[in-house]
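*Asks:* First the structure, which I've put down as structure tokens, then a few questions once you've had a look.
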Amino acid sequence: MKSMSTVLRNNNLDVKILPLGESAIQIEFGKGIDPKIHGKVKMFTDNLDVSPLPGMIEYVSAFSSVTIFYDPVKVREMYQESPEGKLLLTFEFLAVMVREKLGKLEYDADYIPRIVEIPVCYGEEFGPDLQYVAEYNNLTTDEVIAIHSNGEYLVYMIGFAPGFPYLGGMSESIATPRRKSPRMSIPAGSVGIAGMQTGVYPIATPGGWQLIGNTPVELFRPLDNPPTLLQSGDRIRFYPITRREYEEYKGGRS
Amino acid sequence: MSIKVLTPGLLTSIQDLGRYGYQKYGVIVSGGMDAYSLRIANLLVGNEEGEAVIEMTLMGPSLLLEEDVLLAITGGDLSPAINGQPVPQGRPILVRKGSVLKFGALKSGCRSYLAVRGGFDIPRVMGSKSTYLRAGIGGYQGRALLQGDILPLGVACPLPFAEFLKKTMGSNSFAFPSWYVARSYVLQKAQEYRVRVIPNSQFPLFSPDSRKQFFREPFLVTTQSDRMGYRLSGISLQLTEPLEMISEAVALGTIQVPPDGNPIVLLADRQTVGGYPKIAQAAGVDISTLAQIKPGGKIRFEEISLAEAETLYAAREADIQQIRVAIQLQLAGTAT
Amino acid sequence: MLTFDEIKEVIRMVEQSSIQHFELDQENSKIIISKAGVDRVQTGSPVELEAPRVVPAAASDKPQAVTDISGDPPEQLHTIVSPTVGTFYMASEPGADSFVSVGEEVECHTIVCVLEAMKLFNEVVAGVKGTIVERLVSDGDFIEYGQPLFLVKSES
């Protein structure tokens with residue numbers, strides 16, 4: 001395992017740095033789904049936004065890791081001019097730079113996350129599985145709505161589809177397994193539950209989530225910058241709206 | 001200045017080198033599957049190497065050229081012909097207005113690329129002209145090409161070389177030079193395609209048998225393979241013990257293994273994140289080879305180190321730069 | 001704008017090629033490379049490297065890269081010489097059939113081989129109607145400008 005000897009550790013943050021092919025480098029801040037680990041992820045990506053690594057094309061942040069995609073030719077050009085010369089792999093050169101960056105990171109205690117409120121019309125044809133979720137958890141549908149809209153959720157990452165948030169923080173009392181037979185198409189804006197997770201579908205896609213409602217808000221906005229309503233690190237709240245409010249919202253947009 | 005789609009072919013779409021900078025928002029990269037062929041096609045007509053081109057798959061389209069067009073075809077061989085006469089790949093071809101460019105039987109590879117001088121005049125979405133099929137954005141109206149589509153061409157300064165070709169065209173409907181770029185990087189004649197891979201950090205978590213057989217046994221590219229990824233079948237790859245995985249980023253060429261043990265090689269339309277264990281990562285230089293393997297083809301993985309992958313990558317880029325300069329020399333040198 | 005390295009590369013490649021005069025006009029820079037003092041008569045080869053073929057190639061194509069090295073081979077034998085420097089290949093790509101083999105009849109416009117230079121492949125045509133008598137170089141050989149490639153017995 002030649003390539004595996006290149007695992008580097010940062011003692012302060014207990015960070016693992018790994019290659020993902022010759023054009024990407026992955027930084028692991030820990031294991032598992034944990035707001036504390038994610039805080040480090042967010043701190044690092046906020047820093048990358050301000051001062052990107054040389055040769056960096058973009059990054060993807062996940063629950064507990066950040067992966068940086070880079071142009072190996074650009075990075076190589078840069079380090080061949082450096083005193084380290086040709087001894088290092090391009091990956092190792094970047095890993096050293098990542099470690100330096102991590103060493104200088106300072107935790108900002110005053111950091112206030114963005115809070116995004118998302119209106120949801122629960123039930124009706126928007127939430128064909130709301131009744132099932134209630135029955136499964138021995139609750140009324142109103143209780144499910146109250147629990148779902150009282151929570152504050154952390155956006156751990158965006159993925160799966162453009163603007164789709166992986167959310168943490170849902171109450172166990174409304175957790176419901178996925179549908180046995182997935183739907184061929186779930187409409188955009190659908191709010192659903194799958195196991196311990198809740199989420200919103202930005203675009204129509206097949207899926208097995210239990211649908212409890214729909215939001216008139218567009219989560220994916222390809223012509224805007226940034227193109228999504230939500231970003232990693234945001235906190236979100238859902239609030240119930242009536243069908244009429246839903247239609248007004250939709251009408252007002254077009 | 002436009003090209004009209006007479007018949008669309010199987011899956012024909014506008015692609016450039018991809019949409020970068022938006023993966024953190026869940027927006028996939030897209031772009032040409034065989035980036036090498038895409039770049040060469042553009043260079044052959046004097047475009048920037050990342051200009052939008054037409055990517056066609058297995059069965060190509062029929063196109064009416066409504067203007068004189070300087071074009072180039074690269075990648076898999078779909079038997080291109082102009083007004084019924086076969087034309088070669090890997091060269092700039094000047095084609096007379098009113099001609100029909102028709103792609104026919106697949107002779108080799110899987111995907112072919114058509115670049116036109118000046119590229120396609122379609123809007124960039126998030127910095128790219130690539131078609132993002134599932135989200136319905138980019139490319140030509142966010143979808144694969146259909147019969148009757150009219151693709152507007154970009155404006156570019158006429159190349160002296162094209163003027164020169166025109167003089168020699170006489171009464172024929174097209175003309176091309178005696179030089180060309182070979183397809184050596186993308187097409188292999190062997191029964192099995194060799195794809196070099198770097199073991200992933202999760203490689204040691206697979207059973208000793210799986211680790212050995214991964215490099216020993218061939219894998220079949222199944223018919224469930226598409227632009228998102230190639231689903232392979234062969235020996236079933238197993239972890240030594242179950243692994244608690246949470247989603248993390250994947251890359252072009254990541255080979256992940258779902259619980260059924262059949263590996264998936266992630267390609268241009270891959271999702272930004274994945275939750276399956278990763279056994280290996282295909283070397284960047286072999287992605288174009290992968291893109292030219294059609295369903296039913298066989299792959300054999302060969303282990304290389306990260307250092308080797310880096311060296312291969314740098315060498316390939318140097319080759320492309322050399323080709324770029326050589327073509328530029330040809331396109332400019334005939335002016336006198 | 002070409003970088004300094006790219007300009008060096010261009011100069012090197014023009015030097016190695018049969019191109020006599022080269023001009024590149026880009027944005028706000030212009031490069032002119034002219035080979036002075038090259039004795040064009042030396043090889044006696046009418047070099048037309050850049051001459052495009054019109055397809056379908058007419059039989060009236062000008063002979064490319066053909067010369068008579070008078071006195072050397074018997075009179076009815078023509079020598080196909082290299083129009084450029086490069087690596088000699090008998091087929092268009094590895095594993096493909098050879099363009100021509102000894103004993104085969106060729107037309108003026110028949111492609112007899114390709115020469116790879118700077119990653120581009122240049123087709124060489126027979127330039128004469130006749131029969132291939134001998135191949136004078138091997139697959140993969142590096143060929144100099146003007147080097148004899150094939151002997152062709154011409155029909156007269």
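Following the order of the structure tokens, first chain is A, next is B, and so on, with residues numbered from 1 inside each chain and ligands from 1 in the order they appear.
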What residues in chain B lie within 6 Å of chain C, counting only C-alpha atoms, written as an MDAnalysis selection string?

*Replies:* chainID B and resid 169 175:181 323 326 332:333

*Asks:* Mind writing the picked residues with N, CA and C atoms as a compact mmCIF listing (two decimals), in the first residue's frame?

*Replies:*
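This is the output file selection_34.txt:
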```txt
# COMPACT_ATOMS: atom_id res chain seq x y z
N MET B 169 -11.09 23.28 -52.15
CA MET B 169 -12.28 22.44 -52.09
C MET B 169 -12.88 22.22 -53.47
N ALA B 175 -13.28 19.49 -47.49
CA ALA B 175 -11.84 19.34 -47.70
C ALA B 175 -11.16 19.22 -46.35
N PHE B 176 -10.09 18.43 -46.32
CA PHE B 176 -9.34 18.31 -45.07
C PHE B 176 -7.87 18.12 -45.39
N PRO B 177 -6.99 18.37 -44.43
CA PRO B 177 -5.56 18.27 -44.68
C PRO B 177 -5.04 16.83 -44.53
N SER B 178 -3.76 16.65 -44.84
CA SER B 178 -3.18 15.30 -44.80
C SER B 178 -2.63 14.95 -43.43
N TRP B 179 -2.76 15.87 -42.45
CA TRP B 179 -2.27 15.56 -41.11
C TRP B 179 -3.43 15.33 -40.16
N TYR B 180 -3.18 14.59 -39.10
CA TYR B 180 -4.25 14.31 -38.14
C TYR B 180 -3.66 13.98 -36.77
N VAL B 181 -4.54 13.99 -35.77
CA VAL B 181 -4.15 13.57 -34.42
C VAL B 181 -4.68 12.16 -34.21
N ILE B 323 0.54 18.83 -28.49
CA ILE B 323 -0.42 18.72 -29.59
C ILE B 323 -1.03 20.09 -29.89
N ALA B 326 1.44 22.11 -31.79
CA ALA B 326 1.63 21.55 -33.14
C ALA B 326 0.45 21.89 -34.04
N ALA B 332 -1.85 27.99 -38.36
CA ALA B 332 -1.34 29.32 -38.67
C ALA B 332 -0.31 29.28 -39.80
N GLY B 333 0.42 28.20 -39.89
CA GLY B 333 1.58 28.13 -40.77
C GLY B 333 1.26 28.14 -42.24
```

*Asks:* Determine, counting only C-alpha atoms, which protein, DNA and RNA residues have an atom within 12 Å of an atom of Ile112 (chain A); residues of the same chain fewer than 4 positions away are not included. Present the result as a list in words.

*Replies:* Gly39, Lys42, Met43, Asp108, Gly233, Asp234 and Arg235 of chain A

*Asks:* Quick one: contact table of chain B to chain A, 9 Å max, nearest atom pair and distance in Å to one decimal per residue, counting only C-alpha atoms, chain and number order, as a tab-separated table?

*Replies:*
```
residue	atom	partner	partner_atom	distance
B:Tyr20	CA	A:Glu58	CA	6.9
B:Gly21	CA	A:Glu58	CA	5.0
B:Tyr22	CA	A:Glu58	CA	7.7
B:Gln23	CA	A:Val60	CA	6.1
B:Lys24	CA	A:Val60	CA	4.6
B:Tyr25	CA	A:Gly163	CA	5.5
B:Gly26	CA	A:Pro162	CA	4.0
B:Val27	CA	A:Pro162	CA	4.7
B:Ile28	CA	A:Pro162	CA	7.6
B:Val125	CA	A:Leu223	CA	6.8
B:Met126	CA	A:Pro222	CA	7.0
B:Arg134	CA	A:Thr205	CA	8.4
B:Ala135	CA	A:Ile203	CA	6.9
B:Ile137	CA	A:Pro222	CA	7.6
B:Val197	CA	A:Gly21	CA	8.5
B:Ile198	CA	A:Gly21	CA	6.6
B:Pro199	CA	A:Met1	CA	7.5
B:Asn200	CA	A:Leu20	CA	6.9
B:Ser201	CA	A:Met4	CA	6.4
B:Phe203	CA	A:Met1	CA	9.0
B:Pro204	CA	A:Met1	CA	8.6
B:Glu244	CA	A:Gly32	CA	8.8
B:Met245	CA	A:Gly32	CA	8.4
B:Ile246	CA	A:Gly32	CA	6.9
B:Ser247	CA	A:Ala62	CA	6.7
B:Glu248	CA	A:Ala62	CA	5.2
B:Ala249	CA	A:Thr67	CA	6.2
B:Val250	CA	A:Leu20	CA	8.1
B:Ala251	CA	A:Leu20	CA	7.2
B:Leu252	CA	A:Gly21	CA	8.8
B:Gly253	CA	A:Gly21	CA	8.2
B:Thr254	CA	A:Leu20	CA	8.0
B:Gln271	CA	A:Phe160	CA	5.9
B:Thr272	CA	A:Gly159	CA	6.0
B:Val273	CA	A:Gly159	CA	6.0
B:Gly274	CA	A:Phe160	CA	8.0
B:Ala280	CA	A:Gly21	CA	8.4
B:Gln281	CA	A:Gly21	CA	5.5
B:Ala282	CA	A:Gly21	CA	7.2
B:Ala283	CA	A:Gly21	CA	6.6
B:Gly284	CA	A:Glu22	CA	7.1
B:Ile304	CA	A:Lys2	CA	8.8
B:Ser305	CA	A:Ser3	CA	5.8
B:Leu306	CA	A:Ser3	CA	5.5
B:Ala307	CA	A:Leu89	CA	6.3
B:Ala309	CA	A:Glu22	CA	6.2
B:Glu310	CA	A:Glu22	CA	5.6
B:Tyr313	CA	A:Glu22	CA	7.8
B:Ala314	CA	A:Val73	CA	6.3
B:Glu317	CA	A:Val73	CA	7.8
```

*Asks:* With C-alpha atoms retained, write the just-selected residues as an mmCIF file, in the first residue's frame.

*Replies:*
```
data_model
loop_
_atom_site.group_PDB
_atom_site.id
_atom_site.type_symbol
_atom_site.label_atom_id
_atom_site.label_comp_id
_atom_site.auth_asym_id
_atom_site.auth_seq_id
_atom_site.Cartn_x
_atom_site.Cartn_y
_atom_site.Cartn_z
ATOM 1 C CA TYR B 20 -16.792 23.641 -11.529
ATOM 2 C CA GLY B 21 -17.161 25.539 -8.288
ATOM 3 C CA TYR B 22 -20.717 24.462 -7.488
ATOM 4 C CA GLN B 23 -20.275 20.930 -6.173
ATOM 5 C CA LYS B 24 -20.582 22.263 -2.625
ATOM 6 C CA TYR B 25 -24.146 23.205 -3.552
ATOM 7 C CA GLY B 26 -24.843 19.701 -4.813
ATOM 8 C CA VAL B 27 -24.481 20.740 -8.453
ATOM 9 C CA ILE B 28 -22.711 17.962 -10.330
ATOM 10 C CA VAL B 125 -25.280 28.335 -16.667
ATOM 11 C CA MET B 126 -23.078 28.516 -13.578
ATOM 12 C CA ARG B 134 -31.329 15.503 -14.465
ATOM 13 C CA ALA B 135 -31.712 19.111 -13.351
ATOM 14 C CA ILE B 137 -30.175 23.057 -17.037
ATOM 15 C CA VAL B 197 -6.171 2.522 -10.354
ATOM 16 C CA ILE B 198 -4.797 3.820 -7.077
ATOM 17 C CA PRO B 199 -6.058 1.879 -4.033
ATOM 18 C CA ASN B 200 -8.220 4.077 -1.813
ATOM 19 C CA SER B 201 -7.607 4.528 1.906
ATOM 20 C CA PHE B 203 -8.959 -0.537 0.310
ATOM 21 C CA PRO B 204 -7.518 -2.408 3.346
ATOM 22 C CA GLU B 244 -20.334 2.403 9.310
ATOM 23 C CA MET B 245 -20.133 4.915 6.466
ATOM 24 C CA ILE B 246 -21.393 8.464 6.338
ATOM 25 C CA SER B 247 -21.555 10.417 3.116
ATOM 26 C CA GLU B 248 -18.422 12.134 1.905
ATOM 27 C CA ALA B 249 -17.235 13.599 -1.374
ATOM 28 C CA VAL B 250 -16.517 11.359 -4.346
ATOM 29 C CA ALA B 251 -14.383 12.193 -7.366
ATOM 30 C CA LEU B 252 -14.262 11.470 -11.065
ATOM 31 C CA GLY B 253 -13.152 7.842 -11.312
ATOM 32 C CA THR B 254 -13.954 6.868 -7.713
ATOM 33 C CA GLN B 271 -23.339 12.845 -7.587
ATOM 34 C CA THR B 272 -21.137 15.104 -5.501
ATOM 35 C CA VAL B 273 -21.185 12.821 -2.445
ATOM 36 C CA GLY B 274 -21.520 9.106 -1.811
ATOM 37 C CA ALA B 280 -9.958 2.473 -5.485
ATOM 38 C CA GLN B 281 -9.647 5.518 -7.671
ATOM 39 C CA ALA B 282 -9.144 5.308 -11.441
ATOM 40 C CA ALA B 283 -6.116 7.271 -12.631
ATOM 41 C CA GLY B 284 -7.093 10.537 -14.299
ATOM 42 C CA ILE B 304 -0.397 1.905 -9.602
ATOM 43 C CA SER B 305 0.897 4.182 -6.869
ATOM 44 C CA LEU B 306 -0.197 7.764 -6.316
ATOM 45 C CA ALA B 307 3.278 8.858 -7.457
ATOM 46 C CA ALA B 309 -0.633 8.482 -11.236
ATOM 47 C CA GLU B 310 0.771 11.966 -10.698
ATOM 48 C CA TYR B 313 -1.106 12.921 -15.342
ATOM 49 C CA ALA B 314 1.706 15.436 -15.805
ATOM 50 C CA GLU B 317 -0.935 17.198 -19.928
#
```

*Asks:* List the neighbours of Arg183 (chain B) out to 12 Å using only C-alpha atoms; skip same-chain residues closer than 5 positions along the sequence, and give me the result as a ChimeraX atom specification.

*Replies:* /B:34,36-38,40-41,73-77,88-91,108-109,112,188-189,288-289,292 /C:92-94,119-121

*Asks:* Generate a file of the selected residues that holds C-alpha atoms, formatted as a PDB file, in the first residue's frame.

*Replies:*
```
ATOM      1  CA  ASP B  34     -13.975  11.604 -22.716  1.00  0.00           C
ATOM      2  CA  TYR B  36      -9.250  14.127 -23.928  1.00  0.00           C
ATOM      3  CA  SER B  37     -11.188  13.710 -27.183  1.00  0.00           C
ATOM      4  CA  LEU B  38     -13.266  16.799 -26.394  1.00  0.00           C
ATOM      5  CA  ILE B  40      -8.487  17.643 -29.105  1.00  0.00           C
ATOM      6  CA  ALA B  41     -11.639  18.261 -31.172  1.00  0.00           C
ATOM      7  CA  ILE B  73     -14.634  14.752 -35.052  1.00  0.00           C
ATOM      8  CA  THR B  74     -12.754  12.784 -32.384  1.00  0.00           C
ATOM      9  CA  GLY B  75     -13.210   9.871 -29.978  1.00  0.00           C
ATOM     10  CA  GLY B  76     -15.120   6.693 -30.800  1.00  0.00           C
ATOM     11  CA  ASP B  77     -15.694   5.920 -34.475  1.00  0.00           C
ATOM     12  CA  PRO B  88     -11.842  10.857 -41.236  1.00  0.00           C
ATOM     13  CA  GLN B  89     -11.537  11.740 -37.555  1.00  0.00           C
ATOM     14  CA  GLY B  90      -8.893  13.776 -35.808  1.00  0.00           C
ATOM     15  CA  ARG B  91      -8.611  16.507 -38.494  1.00  0.00           C
ATOM     16  CA  SER B 108     -14.980   1.475 -32.204  1.00  0.00           C
ATOM     17  CA  GLY B 109     -15.290   3.157 -28.845  1.00  0.00           C
ATOM     18  CA  SER B 112     -17.788  10.604 -30.393  1.00  0.00           C
ATOM     19  CA  GLN B 188      -7.554  -0.005 -27.251  1.00  0.00           C
ATOM     20  CA  LYS B 189      -7.847  -2.945 -29.566  1.00  0.00           C
ATOM     21  CA  SER B 288     -11.044   8.803 -21.327  1.00  0.00           C
ATOM     22  CA  THR B 289     -10.371   5.108 -21.915  1.00  0.00           C
ATOM     23  CA  GLN B 292     -14.946   4.758 -24.629  1.00  0.00           C
TER      24      GLN B 292
ATOM     25  CA  SER C  92      -2.747   4.628 -39.149  1.00  0.00           C
ATOM     26  CA  GLU C  93      -2.757   3.298 -35.590  1.00  0.00           C
ATOM     27  CA  PRO C  94      -1.332   0.328 -33.684  1.00  0.00           C
ATOM     28  CA  LYS C 119       2.208  14.239 -31.958  1.00  0.00           C
ATOM     29  CA  LEU C 120       0.626  15.019 -35.311  1.00  0.00           C
ATOM     30  CA  PHE C 121       0.515  12.379 -37.994  1.00  0.00           C
TER      31      PHE C 121
END
```

*Asks:* Return the single residue from A:Tyr156, A:Gly189, A:Ala194, A:Ile174 that is closest to Asn138 (chain A), with distances computed using only C-alpha atoms.

*Replies:*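 Using only C-alpha atoms, Asn138 (chain A) sits closest to A:Ile174.
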
*Asks:* Mind pulling up the distance from CA of Lys180 (chain A) to CA of Tyr201 (chain A)?

*Replies:* 18.8 Å

*Asks:* Leaving out region 139-156 of chain C and any residue of its chain fewer than 2 positions from it, which residues lie within 8 Å of it when counting only C-alpha atoms, given as an MDAnalysis selection string?

*Replies:* chainID C and resid 17:18 43 45 76:90 128:137
